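K.L.:
Sharing a structure below in structure tokens format, with a few things to ask.
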Amino acid sequence: MNILILVSSLNYGGAEKQALLDANMLSTGQNVYLCSFFGGPLEQQIQPGVKLLRVQKSGYFKTALSIARLVKEHNIQIIHAHLFASSVISALASLLTSVSVIWHFHAHRFESPSKGKATLKWLSRLRSVKKLLFVNTELRDYFLGDHYGFPVKKCIIMYNSAQQHPAEVHFHQGKPIRIGFIGRLVELKRVEFLVELAGWLKSRDCNDFEIEIVGDGPEKERLEKISSEAGVSDKVHFMGFRSDTANFYAKFDLFILPSREECLSIALIDAGVWGIPSIAFAVGGNDEIIRNGVTGYIVQTKDELFDKVKYLMDQPAEREQMSKAAKEFCGSVFGEETHLASLTNLYKGIVSAGA
């Protein structure tokens, strides 16, 4: 099959990472083109089998004409579009060609909410727009219940896939307990909760821990400041952006995702694949990654988060049991083979139906 994966940029972000992962995975058995309007650091991770295309974005209709030319030039059968602009442009391009289109939703918000809702509602009813993918159940239900008017039969769940593929996972028996976070340092991630956790643990004479925060972003300077002011700089370590995240997952004993908003966190999935008991809030698709009380905990409040961390620190046998359960569950649900099979079967079904 000839597949065009369309995404606005190749900067770091959940949708962009998944688009890249899909392109790399599919390239082992399909003819895959990855097209973006803007470049970014993820270009460095493109596998040799993926053909990179660049189209200048200059208005939706003009850009759709450019995409339509690529479809005809490369005999593209399916456009798999991620995020708002790509979805609209791919649908418009389908009016000029015989290409089938898949939309992939990763978040609740769009760049133009009022116009975007009406545009998506109309375009989603095109015969060429075959499927609308949502990364979790909550996101699908949000769009179906927020007057977008999407055809229900077109809407399906397609989980993100793990980025990490550890061959073997070893449970750590010793101390200190290493508590980890990997992600962007932005306000909605509430990474300050980890700084506060360090102070809370120290106030209870619990000092056998280290917190490693891997990532960068606009909140980094503020977080470092409050860490210093709270007197926990010896326990909270800001590692900055790192490409070798596997080295951190390999040594984490607990993974914490304190975000107030998520869709389907790839970092949380990767923690599960590594067999790391995780704790996250009851938002987005977190409860589809963590089996509460089995592979980690879903919490409602900051106090509950702190209590669960302390409990797991004091219960190595419980951590080990959760570690095994997390690796088994996340490996089966979010593993590369599972995701690739789902995606390939979806494409084949669309192509064969249009033959």
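Ligands are numbered from 1 in the order shown, residues from 1 within each chain, and chains are lettered A, B, ... in the order they appear in the structure tokens.
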Considering only C-alpha atoms, return as an MDAnalysis selection string whatever protein or nucleic-acid residues lie within 7 Å of Ser36 of chain A, sequence-local ones (same chain, fewer than 3 positions apart) excluded.
P.N.:
chainID A and resid 6:10 39 53:55
K.L.:
Those selected residues, please, written with C-alpha atoms and delivered as a compact mmCIF listing (two decimals), in the first residue's frame.
P.N.:
# COMPACT_ATOMS: atom_id res chain seq x y z
CA LEU A 6 0.40 13.94 7.28
CA VAL A 7 1.29 16.00 10.37
CA SER A 8 1.81 19.73 10.80
CA SER A 9 5.35 19.61 12.16
CA LEU A 10 8.04 17.28 13.40
CA GLY A 39 10.37 20.46 10.18
CA LEU A 53 8.09 15.14 2.01
CA ARG A 54 7.67 18.82 2.84
CA VAL A 55 4.77 21.03 1.75
K.L.:
May I have the residues within 12 Å of segment 319-328 of chain A as a PyMOL selection string, using only C-alpha atoms and disregarding those fewer than 3 positions away in the same chain?
P.N.:
chain A and resi 162+164-173+177+252-255+268-279+288-297+308-316+331-335
K.L.:
Can you spit out the residues from that selection as a short mmCIF file (atom, residue, chain, number, x, y, z; two decimals), in the first residue's frame, using N, CA and C atoms?
P.N.:
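Saved result, out-v8.cif, follows:
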data_model
loop_
_atom_site.label_atom_id
_atom_site.label_comp_id
_atom_site.auth_asym_id
_atom_site.auth_seq_id
_atom_site.Cartn_x
_atom_site.Cartn_y
_atom_site.Cartn_z
N ALA A 162 3.74 2.09 22.44
CA ALA A 162 4.95 2.32 23.22
C ALA A 162 6.10 2.73 22.32
N GLN A 164 9.21 2.60 23.79
CA GLN A 164 10.28 1.79 24.36
C GLN A 164 9.99 0.31 24.16
N HIS A 165 11.05 -0.46 23.96
CA HIS A 165 10.90 -1.90 23.74
C HIS A 165 11.99 -2.66 24.49
N PRO A 166 11.93 -2.62 25.84
CA PRO A 166 12.97 -3.30 26.62
C PRO A 166 12.93 -4.80 26.42
N ALA A 167 14.09 -5.39 26.22
CA ALA A 167 14.15 -6.84 26.03
C ALA A 167 13.90 -7.56 27.35
N GLU A 168 14.37 -6.96 28.43
CA GLU A 168 14.23 -7.59 29.73
C GLU A 168 14.12 -6.51 30.79
N VAL A 169 13.31 -6.75 31.80
CA VAL A 169 13.11 -5.79 32.88
C VAL A 169 13.54 -6.42 34.19
N HIS A 170 14.37 -5.70 34.94
CA HIS A 170 14.84 -6.19 36.23
C HIS A 170 14.23 -5.35 37.34
N PHE A 171 13.64 -5.99 38.32
CA PHE A 171 13.07 -5.28 39.46
C PHE A 171 14.18 -4.90 40.43
N HIS A 172 14.16 -3.64 40.88
CA HIS A 172 15.21 -3.15 41.77
C HIS A 172 14.80 -3.39 43.23
N GLN A 173 15.63 -4.06 43.98
CA GLN A 173 15.33 -4.34 45.38
C GLN A 173 15.89 -3.28 46.33
N ILE A 177 15.01 4.70 46.51
CA ILE A 177 13.91 4.54 45.56
C ILE A 177 13.99 5.68 44.56
N PHE A 252 14.20 3.65 37.03
CA PHE A 252 13.09 4.16 37.83
C PHE A 252 12.41 3.02 38.59
N ASP A 253 12.04 3.30 39.84
CA ASP A 253 11.24 2.37 40.63
C ASP A 253 9.77 2.75 40.62
N LEU A 254 9.49 4.03 40.49
CA LEU A 254 8.12 4.54 40.40
C LEU A 254 8.09 5.62 39.33
N PHE A 255 6.96 5.72 38.65
CA PHE A 255 6.78 6.78 37.65
C PHE A 255 5.54 7.57 38.04
N LEU A 268 3.69 7.53 29.93
CA LEU A 268 3.06 6.62 30.88
C LEU A 268 2.98 5.21 30.31
N ILE A 269 2.71 5.10 29.02
CA ILE A 269 2.71 3.79 28.36
C ILE A 269 4.10 3.16 28.44
N ASP A 270 5.12 3.96 28.14
CA ASP A 270 6.49 3.45 28.17
C ASP A 270 6.89 3.00 29.57
N ALA A 271 6.44 3.73 30.58
CA ALA A 271 6.72 3.31 31.95
C ALA A 271 6.13 1.94 32.23
N GLY A 272 4.91 1.72 31.74
CA GLY A 272 4.27 0.42 31.92
C GLY A 272 5.01 -0.68 31.20
N VAL A 273 5.44 -0.42 29.96
CA VAL A 273 6.19 -1.41 29.20
C VAL A 273 7.49 -1.79 29.91
N TRP A 274 8.06 -0.83 30.60
CA TRP A 274 9.27 -1.09 31.38
C TRP A 274 8.98 -1.77 32.72
N GLY A 275 7.70 -1.97 33.03
CA GLY A 275 7.35 -2.62 34.29
C GLY A 275 7.51 -1.72 35.48
N ILE A 276 7.24 -0.43 35.30
CA ILE A 276 7.36 0.53 36.40
C ILE A 276 5.97 0.84 36.96
N PRO A 277 5.71 0.54 38.22
CA PRO A 277 4.44 0.95 38.82
C PRO A 277 4.28 2.47 38.70
N SER A 278 3.12 2.90 38.25
CA SER A 278 2.92 4.32 37.97
C SER A 278 1.72 4.86 38.73
N ILE A 279 1.79 6.17 38.98
CA ILE A 279 0.70 6.87 39.67
C ILE A 279 0.35 8.09 38.84
N GLU A 288 -6.90 4.02 31.28
CA GLU A 288 -6.82 2.96 30.28
C GLU A 288 -5.39 2.43 30.16
N ILE A 289 -4.44 3.13 30.79
CA ILE A 289 -3.05 2.68 30.82
C ILE A 289 -2.74 2.01 32.14
N ILE A 290 -3.21 2.61 33.23
CA ILE A 290 -2.99 2.07 34.57
C ILE A 290 -4.23 1.30 35.01
N ARG A 291 -4.03 0.05 35.38
CA ARG A 291 -5.12 -0.72 36.01
C ARG A 291 -5.03 -0.44 37.50
N ASN A 292 -5.96 0.35 37.99
CA ASN A 292 -5.89 0.87 39.35
C ASN A 292 -5.78 -0.25 40.38
N GLY A 293 -4.72 -0.17 41.20
CA GLY A 293 -4.49 -1.17 42.23
C GLY A 293 -3.81 -2.42 41.74
N VAL A 294 -3.57 -2.51 40.42
CA VAL A 294 -2.95 -3.71 39.83
C VAL A 294 -1.59 -3.37 39.23
N THR A 295 -1.54 -2.33 38.40
CA THR A 295 -0.27 -1.93 37.78
C THR A 295 0.22 -0.58 38.31
N GLY A 296 -0.57 0.03 39.18
CA GLY A 296 -0.25 1.33 39.75
C GLY A 296 -1.50 1.91 40.36
N TYR A 297 -1.56 3.22 40.46
CA TYR A 297 -2.74 3.85 41.08
C TYR A 297 -3.21 5.06 40.28
N LYS A 308 0.07 7.36 48.22
CA LYS A 308 0.35 6.16 47.41
C LYS A 308 1.84 6.01 47.14
N VAL A 309 2.53 7.12 46.91
CA VAL A 309 3.98 7.05 46.71
C VAL A 309 4.64 6.47 47.96
N LYS A 310 4.28 7.00 49.12
CA LYS A 310 4.88 6.53 50.38
C LYS A 310 4.56 5.05 50.61
N TYR A 311 3.34 4.66 50.30
CA TYR A 311 2.95 3.26 50.49
C TYR A 311 3.80 2.34 49.62
N LEU A 312 3.96 2.67 48.35
CA LEU A 312 4.73 1.81 47.46
C LEU A 312 6.22 1.83 47.80
N MET A 313 6.71 2.94 48.31
CA MET A 313 8.10 2.99 48.75
C MET A 313 8.34 2.00 49.89
N ASP A 314 7.34 1.85 50.74
CA ASP A 314 7.47 0.98 51.93
C ASP A 314 7.10 -0.47 51.65
N GLN A 315 6.61 -0.77 50.44
CA GLN A 315 6.11 -2.11 50.14
C GLN A 315 6.79 -2.67 48.89
N PRO A 316 8.03 -3.15 49.02
CA PRO A 316 8.73 -3.67 47.84
C PRO A 316 8.04 -4.87 47.19
N GLY A 331 2.50 -4.22 27.66
CA GLY A 331 3.14 -4.87 26.52
C GLY A 331 2.13 -5.47 25.56
N SER A 332 1.04 -6.01 26.12
CA SER A 332 0.03 -6.65 25.26
C SER A 332 -0.91 -5.63 24.62
N VAL A 333 -1.25 -4.57 25.33
CA VAL A 333 -2.23 -3.60 24.83
C VAL A 333 -1.58 -2.52 23.96
N PHE A 334 -0.39 -2.07 24.35
CA PHE A 334 0.24 -0.94 23.68
C PHE A 334 1.53 -1.31 22.95
N GLY A 335 1.84 -2.57 22.87
CA GLY A 335 3.06 -3.00 22.21
C GLY A 335 3.06 -2.68 20.72
#
K.L.:
Using only C-alpha atoms, pick whichever of A:Leu132, A:Leu42, A:Leu21, A:Ile256 has the shortest atom-to-atom distance to Phe306 of chain A.
P.N.:
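Smallest distance to Phe306 of chain A is found for A:Ile256.
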K.L.:
Please list as a count of residues only every residue within 9 Å of segment 225-236 of chain A, counting only C-alpha atoms and excluding residues in the same chain fewer than 3 positions away.
P.N.:
16
K.L.:
Please extract the residues of segment 216-348 of chain A with a backbone DSSP assignment of alpha helix (DSSP H) and present them as a PyMOL selection string.
P.N.:
chain A and resi 220-229+245-249+266-273+286-289+302-314+316-334+336-348
